[in-house]
$ cat entry19.txt   # compact mmCIF, C-alpha atoms
# COMPACT_ATOMS: atom_id res chain seq x y z
CA MET A 1 -14.85 -1.73 26.01
CA SER A 2 -17.26 -3.89 24.02
CA LYS A 3 -17.64 -3.36 20.29
CA VAL A 4 -20.72 -2.90 18.14
CA TRP A 5 -20.72 -5.02 14.98
CA PHE A 6 -22.74 -4.82 11.76
CA ILE A 7 -22.45 -8.13 9.90
CA THR A 8 -24.10 -9.12 6.64
CA GLY A 9 -24.96 -12.70 5.76
CA THR A 10 -25.19 -14.14 9.28
CA SER A 11 -27.63 -16.97 8.58
CA ARG A 12 -24.83 -19.53 8.16
CA GLY A 13 -21.16 -20.01 7.34
CA PHE A 14 -18.55 -17.42 8.23
CA GLY A 15 -21.13 -14.76 9.04
CA ARG A 16 -22.74 -16.92 11.71
CA VAL A 17 -19.34 -17.77 13.21
CA PHE A 18 -18.34 -14.10 13.30
CA ALA A 19 -21.59 -13.11 15.01
CA GLU A 20 -21.40 -15.88 17.61
CA SER A 21 -17.75 -15.16 18.40
CA ALA A 22 -18.43 -11.46 18.95
CA LEU A 23 -21.55 -12.08 21.04
CA ALA A 24 -19.90 -14.78 23.15
CA ARG A 25 -17.29 -12.33 24.40
CA GLY A 26 -19.84 -9.63 25.26
CA ASP A 27 -19.95 -7.51 22.12
CA GLN A 28 -23.18 -6.30 20.50
CA VAL A 29 -24.08 -7.42 17.00
CA VAL A 30 -26.45 -6.22 14.31
CA ALA A 31 -26.96 -9.54 12.51
CA THR A 32 -28.45 -9.30 9.05
CA ALA A 33 -29.74 -12.01 6.73
CA ARG A 34 -32.35 -12.38 4.03
CA ASP A 35 -34.37 -14.75 6.23
CA LEU A 36 -35.01 -13.56 9.79
CA ASN A 37 -36.07 -17.07 10.82
CA ALA A 38 -32.44 -18.11 10.52
CA LEU A 39 -31.49 -15.66 13.29
CA GLY A 40 -34.06 -16.67 15.91
CA ASP A 41 -31.63 -18.81 17.91
CA LEU A 42 -29.16 -15.94 18.20
CA GLU A 43 -31.83 -13.67 19.65
CA ARG A 44 -32.98 -16.34 22.11
CA THR A 45 -29.43 -16.94 23.30
CA TYR A 46 -28.08 -13.38 23.44
CA GLY A 47 -31.18 -11.26 23.97
CA SER A 48 -30.76 -7.52 23.57
CA SER A 49 -27.08 -7.90 22.64
CA VAL A 50 -28.13 -8.94 19.16
CA MET A 51 -30.30 -7.01 16.74
CA PRO A 52 -31.58 -9.27 13.94
CA LEU A 53 -32.47 -7.47 10.72
CA ALA A 54 -33.84 -8.83 7.47
CA LEU A 55 -31.67 -7.48 4.67
CA ASP A 56 -30.99 -8.08 1.01
CA VAL A 57 -27.71 -6.25 0.37
CA THR A 58 -28.61 -5.66 -3.27
CA ASP A 59 -31.34 -3.26 -2.10
CA LYS A 60 -29.43 0.00 -1.58
CA ALA A 61 -32.28 1.78 0.22
CA ALA A 62 -32.79 -1.17 2.57
CA VAL A 63 -29.07 -1.21 3.40
CA GLY A 64 -29.21 2.48 4.33
CA ASP A 65 -32.28 1.92 6.51
CA ALA A 66 -30.64 -1.04 8.28
CA VAL A 67 -27.49 0.93 9.06
CA ASP A 68 -29.53 3.87 10.38
CA LYS A 69 -31.53 1.51 12.62
CA ALA A 70 -28.33 -0.03 13.91
CA VAL A 71 -26.81 3.33 14.83
CA ALA A 72 -30.09 4.54 16.37
CA THR A 73 -30.20 1.41 18.55
CA PHE A 74 -26.58 1.06 19.65
CA GLY A 75 -25.27 4.60 19.14
CA ARG A 76 -22.26 3.68 17.04
CA LEU A 77 -20.65 1.06 14.81
CA ASP A 78 -17.17 -0.24 15.53
CA VAL A 79 -16.82 -3.19 13.16
CA VAL A 80 -18.58 -3.59 9.80
CA VAL A 81 -18.25 -6.99 8.14
CA ASN A 82 -19.11 -7.33 4.46
CA ASN A 83 -19.71 -11.07 4.45
CA ALA A 84 -22.89 -11.57 2.40
CA GLY A 85 -22.22 -13.26 -0.91
CA TYR A 86 -22.30 -16.54 -2.77
CA GLY A 87 -20.33 -18.53 -5.31
CA LEU A 88 -20.91 -18.73 -9.04
CA HIS A 89 -19.45 -21.88 -10.59
CA GLY A 90 -18.90 -22.21 -14.31
CA MET A 91 -16.37 -21.94 -17.10
CA VAL A 92 -16.19 -18.47 -18.64
CA GLU A 93 -17.84 -19.70 -21.84
CA GLU A 94 -20.65 -21.28 -19.80
CA LEU A 95 -21.61 -18.19 -17.79
CA SER A 96 -24.96 -16.60 -18.55
CA GLU A 97 -25.30 -12.84 -18.51
CA ALA A 98 -28.04 -13.04 -15.88
CA ASP A 99 -25.95 -15.19 -13.53
CA LEU A 100 -22.86 -12.98 -13.80
CA ARG A 101 -24.85 -9.79 -13.32
CA ALA A 102 -26.51 -11.26 -10.22
CA GLN A 103 -23.09 -12.27 -8.88
CA ILE A 104 -21.76 -8.74 -9.25
CA GLU A 105 -24.93 -7.22 -7.79
CA THR A 106 -24.54 -9.22 -4.58
CA ASN A 107 -20.79 -9.61 -4.12
CA VAL A 108 -19.70 -6.18 -5.36
CA PHE A 109 -22.59 -3.74 -5.18
CA GLY A 110 -23.85 -5.29 -1.95
CA SER A 111 -20.56 -4.48 -0.23
CA LEU A 112 -20.42 -1.05 -1.86
CA TRP A 113 -23.89 -0.13 -0.58
CA VAL A 114 -22.88 -1.16 2.95
CA ASP A 115 -19.64 0.82 2.76
CA GLN A 116 -21.41 3.94 1.53
CA ALA A 117 -24.11 3.63 4.19
CA VAL A 118 -21.74 3.24 7.15
CA LEU A 119 -19.04 5.72 6.16
CA PRO A 120 -20.88 8.91 7.17
CA HIS A 121 -21.35 7.42 10.66
CA LEU A 122 -17.77 6.18 10.92
CA ARG A 123 -16.34 9.52 9.75
CA LYS A 124 -18.51 11.38 12.27
CA GLN A 125 -17.32 9.23 15.17
CA GLY A 126 -13.72 9.24 13.89
CA SER A 127 -13.28 5.49 14.13
CA GLY A 128 -14.40 2.15 12.76
CA HIS A 129 -13.09 -0.96 11.05
CA VAL A 130 -14.48 -2.25 7.75
CA ILE A 131 -13.85 -5.93 7.08
CA GLN A 132 -14.25 -7.17 3.51
CA ILE A 133 -14.55 -10.94 3.27
CA SER A 134 -12.86 -11.86 0.01
CA SER A 135 -11.22 -15.14 -0.97
CA LEU A 136 -8.05 -16.65 -2.38
CA ASN A 137 -10.09 -16.09 -5.54
CA GLY A 138 -9.54 -12.39 -4.90
CA VAL A 139 -5.83 -12.98 -5.43
CA ALA A 140 -5.99 -15.37 -8.37
CA ALA A 141 -8.58 -16.91 -10.68
CA PHE A 142 -9.19 -20.63 -10.98
CA VAL A 143 -10.99 -22.99 -13.30
CA MET A 144 -14.79 -22.65 -13.10
CA MET A 145 -14.50 -19.61 -10.80
CA GLY A 146 -13.98 -16.78 -13.29
CA GLY A 147 -17.24 -15.02 -12.45
CA TYR A 148 -16.75 -15.38 -8.70
CA SER A 149 -13.13 -14.25 -8.94
CA ALA A 150 -14.19 -11.22 -10.99
CA SER A 151 -16.51 -10.19 -8.15
CA LYS A 152 -13.83 -10.68 -5.51
CA TRP A 153 -11.16 -8.82 -7.48
CA ALA A 154 -13.56 -5.90 -7.85
CA SER A 155 -14.39 -5.93 -4.12
CA GLU A 156 -10.70 -5.99 -3.24
CA ALA A 157 -9.96 -3.04 -5.51
CA LEU A 158 -12.75 -0.99 -3.94
CA SER A 159 -11.58 -1.92 -0.44
CA ASP A 160 -7.94 -1.13 -1.22
CA SER A 161 -8.90 2.32 -2.50
CA LEU A 162 -11.23 2.81 0.45
CA ALA A 163 -8.43 2.09 2.92
CA GLN A 164 -6.32 4.87 1.40
CA GLU A 165 -9.24 7.30 1.28
CA VAL A 166 -10.45 6.95 4.88
CA SER A 167 -7.29 6.39 6.91
CA GLY A 168 -7.21 10.09 7.77
CA PHE A 169 -10.64 9.76 9.39
CA GLY A 170 -9.46 7.06 11.80
CA ILE A 171 -11.16 4.28 9.83
CA LYS A 172 -9.37 0.98 9.19
CA VAL A 173 -9.98 -1.52 6.39
CA THR A 174 -9.01 -5.19 6.25
CA ILE A 175 -9.50 -7.62 3.37
CA VAL A 176 -9.77 -11.25 4.51
CA GLU A 177 -8.80 -13.89 1.93
CA PRO A 178 -9.84 -17.42 2.98
CA ALA A 179 -9.37 -20.54 0.87
CA LEU A 180 -11.18 -23.86 1.29
CA TYR A 181 -13.33 -24.28 4.40
CA ALA A 182 -15.89 -26.89 5.37
CA THR A 183 -18.87 -24.62 4.72
CA ASP A 184 -21.76 -24.93 2.27
CA PHE A 185 -20.06 -22.57 -0.20
CA ALA A 186 -20.81 -24.99 -3.05
CA GLY A 187 -24.15 -25.95 -1.52
CA PRO A 188 -27.67 -24.53 -1.76
CA SER A 189 -26.63 -20.90 -2.00
CA ALA A 190 -24.28 -21.48 -4.93
CA VAL A 191 -25.19 -20.99 -8.57
CA HIS A 192 -23.92 -23.46 -11.18
CA SER A 193 -23.88 -22.68 -14.89
CA ALA A 194 -25.08 -25.25 -17.39
CA PRO A 195 -22.02 -27.39 -18.20
CA MET A 196 -20.67 -27.74 -21.74
CA ALA A 197 -19.33 -31.16 -22.67
CA ALA A 198 -16.27 -29.55 -24.27
CA TYR A 199 -14.96 -28.71 -20.79
CA ASP A 200 -15.55 -32.10 -19.14
CA GLY A 201 -11.83 -32.89 -19.24
CA VAL A 202 -10.88 -29.53 -17.75
CA ARG A 203 -13.42 -30.03 -14.96
CA GLU A 204 -12.17 -33.51 -14.17
CA ALA A 205 -8.52 -32.40 -14.05
CA PHE A 206 -9.39 -29.50 -11.74
CA PHE A 207 -11.35 -31.65 -9.29
CA ASN A 208 -8.55 -34.23 -9.25
CA ALA A 209 -6.04 -31.47 -8.49
CA ILE A 210 -7.91 -30.14 -5.47
CA GLY A 211 -9.30 -33.45 -4.26
CA ASP A 212 -6.70 -33.88 -1.51
CA VAL A 213 -6.79 -30.30 -0.22
CA LYS A 214 -7.70 -30.23 3.47
CA ALA A 215 -10.62 -27.93 4.22
CA GLY A 216 -10.31 -25.52 7.13
CA ASP A 217 -12.52 -25.55 10.23
CA PRO A 218 -15.04 -22.65 10.05
CA ALA A 219 -15.13 -22.44 13.85
CA ALA A 220 -11.55 -21.14 13.82
CA VAL A 221 -12.26 -18.03 11.75
CA GLY A 222 -14.21 -16.28 14.54
CA PRO A 223 -11.33 -16.09 17.04
CA ALA A 224 -9.00 -15.15 14.19
CA LEU A 225 -11.19 -12.21 13.18
CA LEU A 226 -11.40 -11.04 16.80
CA LYS A 227 -7.60 -10.76 16.88
CA ILE A 228 -7.71 -8.63 13.74
CA VAL A 229 -10.34 -6.18 15.00
CA ASP A 230 -8.56 -5.91 18.37
CA ALA A 231 -5.17 -5.19 16.79
CA GLU A 232 -3.84 -1.66 17.09
CA ASN A 233 -2.46 -1.83 13.55
CA PRO A 234 -4.50 -4.43 11.66
CA PRO A 235 -3.38 -5.61 8.22
CA LEU A 236 -4.90 -4.37 5.00
CA ARG A 237 -4.84 -7.95 3.72
CA VAL A 238 -4.72 -11.26 5.56
CA VAL A 239 -5.20 -14.81 4.37
CA PHE A 240 -7.10 -17.46 6.35
CA GLY A 241 -5.84 -21.02 6.05
CA GLU A 242 -2.50 -22.65 5.27
CA TYR A 243 -3.62 -23.50 1.73
CA ALA A 244 -4.42 -19.84 1.11
CA LEU A 245 -1.13 -18.72 2.64
CA ASN A 246 0.97 -21.07 0.52
CA GLY A 247 -1.12 -20.44 -2.57
CA ALA A 248 -0.98 -16.66 -2.34
CA GLN A 249 2.79 -16.66 -1.83
CA ALA A 250 3.32 -18.94 -4.83
CA ILE A 251 1.02 -16.85 -7.02
CA TYR A 252 2.81 -13.60 -6.20
CA ALA A 253 6.23 -15.19 -6.59
CA ASP A 254 5.27 -16.40 -10.06
CA ARG A 255 3.99 -12.95 -11.03
CA VAL A 256 7.16 -11.23 -9.87
CA ALA A 257 9.31 -13.76 -11.73
CA THR A 258 7.32 -13.17 -14.93
CA TRP A 259 7.58 -9.38 -14.60
CA LYS A 260 11.36 -9.69 -14.17
CA GLU A 261 11.65 -12.04 -17.13
CA TRP A 262 9.87 -9.50 -19.33
CA SER A 263 11.38 -6.38 -17.74
CA ASP A 264 13.26 -5.38 -20.89
CA LEU A 265 10.02 -5.36 -22.85
CA ALA A 266 8.34 -3.35 -20.09
CA VAL A 267 10.92 -0.60 -20.50
CA GLU A 268 10.81 -0.84 -24.30
CA ALA A 269 7.03 -0.46 -24.27
CA GLU A 270 7.39 2.91 -22.54
CA GLY A 271 8.75 4.30 -25.79
CA GLN A 272 11.43 6.53 -24.30
CA SER A 273 15.07 6.38 -25.29
CA THR A 274 17.58 5.77 -22.53
$ encode --input "entry19.txt" --output "structure tokens"
Amino acid sequence: MSKVWFITGTSRGFGRVFAESALARGDQVVATARDLNALGDLERTYGSSVMPLALDVTDKAAVGDAVDKAVATFGRLDVVVNNAGYGLHGMVEELSEADLRAQIETNVFGSLWVDQAVLPHLRKQGSGHVIQISSLNGVAAFVMMGGYSASKWASEALSDSLAQEVSGFGIKVTIVEPALYATDFAGPSAVHSAPMAAYDGVREAFFNAIGDVKAGDPAAVGPALLKIVDAENPPLRVVFGEYALNGAQAIYADRVATWKEWSDLAVEAEGQST
């Protein structure tokens, strides 16, 4: 049986790959983007199987209207992909309040508005799968990515709680954590804070450290996501890319080692005599 998808941010990058992969195998897709012109080729290729909708996910009312239109057209929603978002690049000291607030509005509240809009429909039908596109930055924070990581950590926390809250309704949740891919993540859609000369050395060291990292092929993420949504027991969290896999394992191993090293203090801090 074909699935009905609702995907945000389908104008380019992962969102476009997800939409094309689902449509190519015969599924139906509600493809949303801020600019409808970016979706014209999808409609010409897949006809009535795709429903293009203009949507800014920071507009809560518009998100609700888009979800209602999707359900009215296709009758149900099987897969909901929170993909819309962008990167904010800058040292913590360099971040402006306006830039950080805008980052949270899109990456966190945008996903929240989608979740809240689709949940009544998913609970009513007793099924559905919510996919939250996060990042390796949702597992750890890196130089110049503090604001972006803050948004991804928040999204992951909401999604983790959501998974526990809705499992009894037959709804599944998966958090996808990709690392470096050959997309325009740092391109036109990204926001860069005004650099401070004091951090020039930190910036240079960071770029030198990641300079040899091999970027993943975006075309591969579509088939990978199809396997997740078709799985009987999909994971709550999954990384995309070998760099993300190795990085996440190393990060967690370091955290566990630190917790063990300071375990005596952890018990002492509880304040109870043994």
$ atom_distance --input "entry19.txt" --atom1 "CA of Ala140 in chain A" --atom2 "CA of Trp153 in chain A"
8.4 Å
$ atom_distance --input "entry19.txt" --atom1 "CA of Asp217 in chain A" --atom2 "CA of Ala231 in chain A"
22.6 Å
$ residues_around --input "entry19.txt" --residues "Gly247 in chain A" --least-positions-apart "2" --cutoff "12 Å" --atoms "all atoms listed in the file" --output "list in words"
Ser135, Leu136, Asn137, Gly138, Val139, Ala140, Ala141, Phe142, Glu177, Pro178, Ala179, Leu180, Val213, Val239, Phe240, Gly241, Glu242, Tyr243, Ala244, Leu245, Gln249, Ala250, Ile251, Tyr252, Ala253 and Asp254 of chain A
$ residues_around --input "entry19.txt" --residues "Ala31 in chain A" --least-positions-apart "2" --cutoff "8 Å" --atoms "all atoms listed in the file" --output "PyMOL selection string"
chain A and resi 6-10+19+29+33+39+50-53
$ atom_distance --input "entry19.txt" --atom1 "CA of Ile104 in chain A" --atom2 "CA of Gln132 in chain A"
14.9 Å
$ closest_residue --input "entry19.txt" --among "A:Ala22, A:Val114, A:Ala150, A:Ala98" --to "Asp56 in chain A" --atoms "all atoms listed in the file"
A:Val114
$ closest_residue --input "entry19.txt" --among "A:Leu112, A:Val79, A:Ile175, A:Val17" --to "Ser2 in chain A" --atoms "all atoms listed in the file"
A:Val79
$ residues_near_point --input "entry19.txt" --point "(-17.4, -4.9, 6.7)" --cutoff "6 Å" --atoms "only C-alpha atoms" --output "list in words"
Val80, Val81, Asn82, Val130, Ile131 and Gln132 of chain A
$ axis_aligned_box --input "entry19.txt" --around "range 242-260 of chain A" --padding-each-side "4 Å" --output "lines of an AutoDock Vina configuration file"
center_x = 3.5
center_y = -16.4
center_z = -4.8
size_x = 23.8
size_y = 22.1
size_z = 28.2
$ residues_around --input "entry19.txt" --residues "Ala154 in chain A" --least-positions-apart "2" --cutoff "10 Å" --atoms "only C-alpha atoms" --output "list in words"
Ile104, Asn107, Val108, Phe109, Ser134, Gly138, Ser149, Ala150, Ser151, Lys152, Glu156, Ala157, Leu158, Ser159 and Asp160 of chain A
$ write_last_selection --input "entry19.txt" --atoms "C-alpha atoms" --output "CSV table (one decimal), in the coordinates of the input"
chain,number,residue,atom,x,y,z
A,104,ILE,CA,-21.8,-8.7,-9.2
A,107,ASN,CA,-20.8,-9.6,-4.1
A,108,VAL,CA,-19.7,-6.2,-5.4
A,109,PHE,CA,-22.6,-3.7,-5.2
A,134,SER,CA,-12.9,-11.9,0.0
A,138,GLY,CA,-9.5,-12.4,-4.9
A,149,SER,CA,-13.1,-14.2,-8.9
A,150,ALA,CA,-14.2,-11.2,-11.0
A,151,SER,CA,-16.5,-10.2,-8.2
A,152,LYS,CA,-13.8,-10.7,-5.5
A,156,GLU,CA,-10.7,-6.0,-3.2
A,157,ALA,CA,-10.0,-3.0,-5.5
A,158,LEU,CA,-12.8,-1.0,-3.9
A,159,SER,CA,-11.6,-1.9,-0.4
A,160,ASP,CA,-7.9,-1.1,-1.2
$ closest_residue --input "entry19.txt" --among "A:Glu97, A:Trp113, A:Ile133, A:Lys60" --to "Ala84 in chain A" --atoms "only C-alpha atoms"
A:Ile133
$ closest_residue --input "entry19.txt" --among "A:Gly146, A:Glu232, A:Ala54, A:Arg237" --to "Ala66 in chain A" --atoms "only C-alpha atoms"
A:Ala54
$ residues_around --input "entry19.txt" --residues "range 72-77 of chain A" --least-positions-apart "3" --cutoff "12 Å" --atoms "only C-alpha atoms" --output "PDB file with C-alpha atoms, keeping the file's coordinate frame"
ATOM      1  CA  SER A   2     -17.260  -3.890  24.020  1.00  0.00           C
ATOM      2  CA  LYS A   3     -17.640  -3.360  20.290  1.00  0.00           C
ATOM      3  CA  VAL A   4     -20.720  -2.900  18.140  1.00  0.00           C
ATOM      4  CA  TRP A   5     -20.720  -5.020  14.980  1.00  0.00           C
ATOM      5  CA  PHE A   6     -22.740  -4.820  11.760  1.00  0.00           C
ATOM      6  CA  ILE A   7     -22.450  -8.130   9.900  1.00  0.00           C
ATOM      7  CA  ASP A  27     -19.950  -7.510  22.120  1.00  0.00           C
ATOM      8  CA  GLN A  28     -23.180  -6.300  20.500  1.00  0.00           C
ATOM      9  CA  VAL A  29     -24.080  -7.420  17.000  1.00  0.00           C
ATOM     10  CA  VAL A  30     -26.450  -6.220  14.310  1.00  0.00           C
ATOM     11  CA  SER A  48     -30.760  -7.520  23.570  1.00  0.00           C
ATOM     12  CA  SER A  49     -27.080  -7.900  22.640  1.00  0.00           C
ATOM     13  CA  VAL A  50     -28.130  -8.940  19.160  1.00  0.00           C
ATOM     14  CA  MET A  51     -30.300  -7.010  16.740  1.00  0.00           C
ATOM     15  CA  PRO A  52     -31.580  -9.270  13.940  1.00  0.00           C
ATOM     16  CA  ASP A  65     -32.280   1.920   6.510  1.00  0.00           C
ATOM     17  CA  ALA A  66     -30.640  -1.040   8.280  1.00  0.00           C
ATOM     18  CA  VAL A  67     -27.490   0.930   9.060  1.00  0.00           C
ATOM     19  CA  ASP A  68     -29.530   3.870  10.380  1.00  0.00           C
ATOM     20  CA  LYS A  69     -31.530   1.510  12.620  1.00  0.00           C
ATOM     21  CA  VAL A  80     -18.580  -3.590   9.800  1.00  0.00           C
ATOM     22  CA  VAL A  81     -18.250  -6.990   8.140  1.00  0.00           C
ATOM     23  CA  ALA A 117     -24.110   3.630   4.190  1.00  0.00           C
ATOM     24  CA  VAL A 118     -21.740   3.240   7.150  1.00  0.00           C
ATOM     25  CA  LEU A 119     -19.040   5.720   6.160  1.00  0.00           C
ATOM     26  CA  PRO A 120     -20.880   8.910   7.170  1.00  0.00           C
ATOM     27  CA  HIS A 121     -21.350   7.420  10.660  1.00  0.00           C
ATOM     28  CA  LEU A 122     -17.770   6.180  10.920  1.00  0.00           C
ATOM     29  CA  ARG A 123     -16.340   9.520   9.750  1.00  0.00           C
ATOM     30  CA  LYS A 124     -18.510  11.380  12.270  1.00  0.00           C
ATOM     31  CA  GLN A 125     -17.320   9.230  15.170  1.00  0.00           C
ATOM     32  CA  GLY A 126     -13.720   9.240  13.890  1.00  0.00           C
ATOM     33  CA  SER A 127     -13.280   5.490  14.130  1.00  0.00           C
ATOM     34  CA  GLY A 128     -14.400   2.150  12.760  1.00  0.00           C
ATOM     35  CA  HIS A 129     -13.090  -0.960  11.050  1.00  0.00           C
ATOM     36  CA  VAL A 130     -14.480  -2.250   7.750  1.00  0.00           C
ATOM     37  CA  ILE A 171     -11.160   4.280   9.830  1.00  0.00           C
TER      38      ILE A 171
END
$ residues_near_point --input "entry19.txt" --point "(-12.8, -22.1, -12.1)" --cutoff "9 Å" --atoms "only C-alpha atoms" --output "list in words"
His89, Gly90, Met91, Val92, Ala141, Phe142, Val143, Met144, Met145, Gly146, Gly147, Tyr148, Ser149, Arg203 and Phe206 of chain A
$ closest_residue --input "entry19.txt" --among "A:Ala38, A:Lys172, A:Ala269, A:Ala61" --to "Ile228 in chain A" --atoms "all atoms listed in the file"
A:Lys172
$ closest_residue --input "entry19.txt" --among "A:Glu94, A:Gly87, A:Glu43, A:Phe18" --to "Asp200 in chain A" --atoms "all atoms listed in the file"
A:Glu94
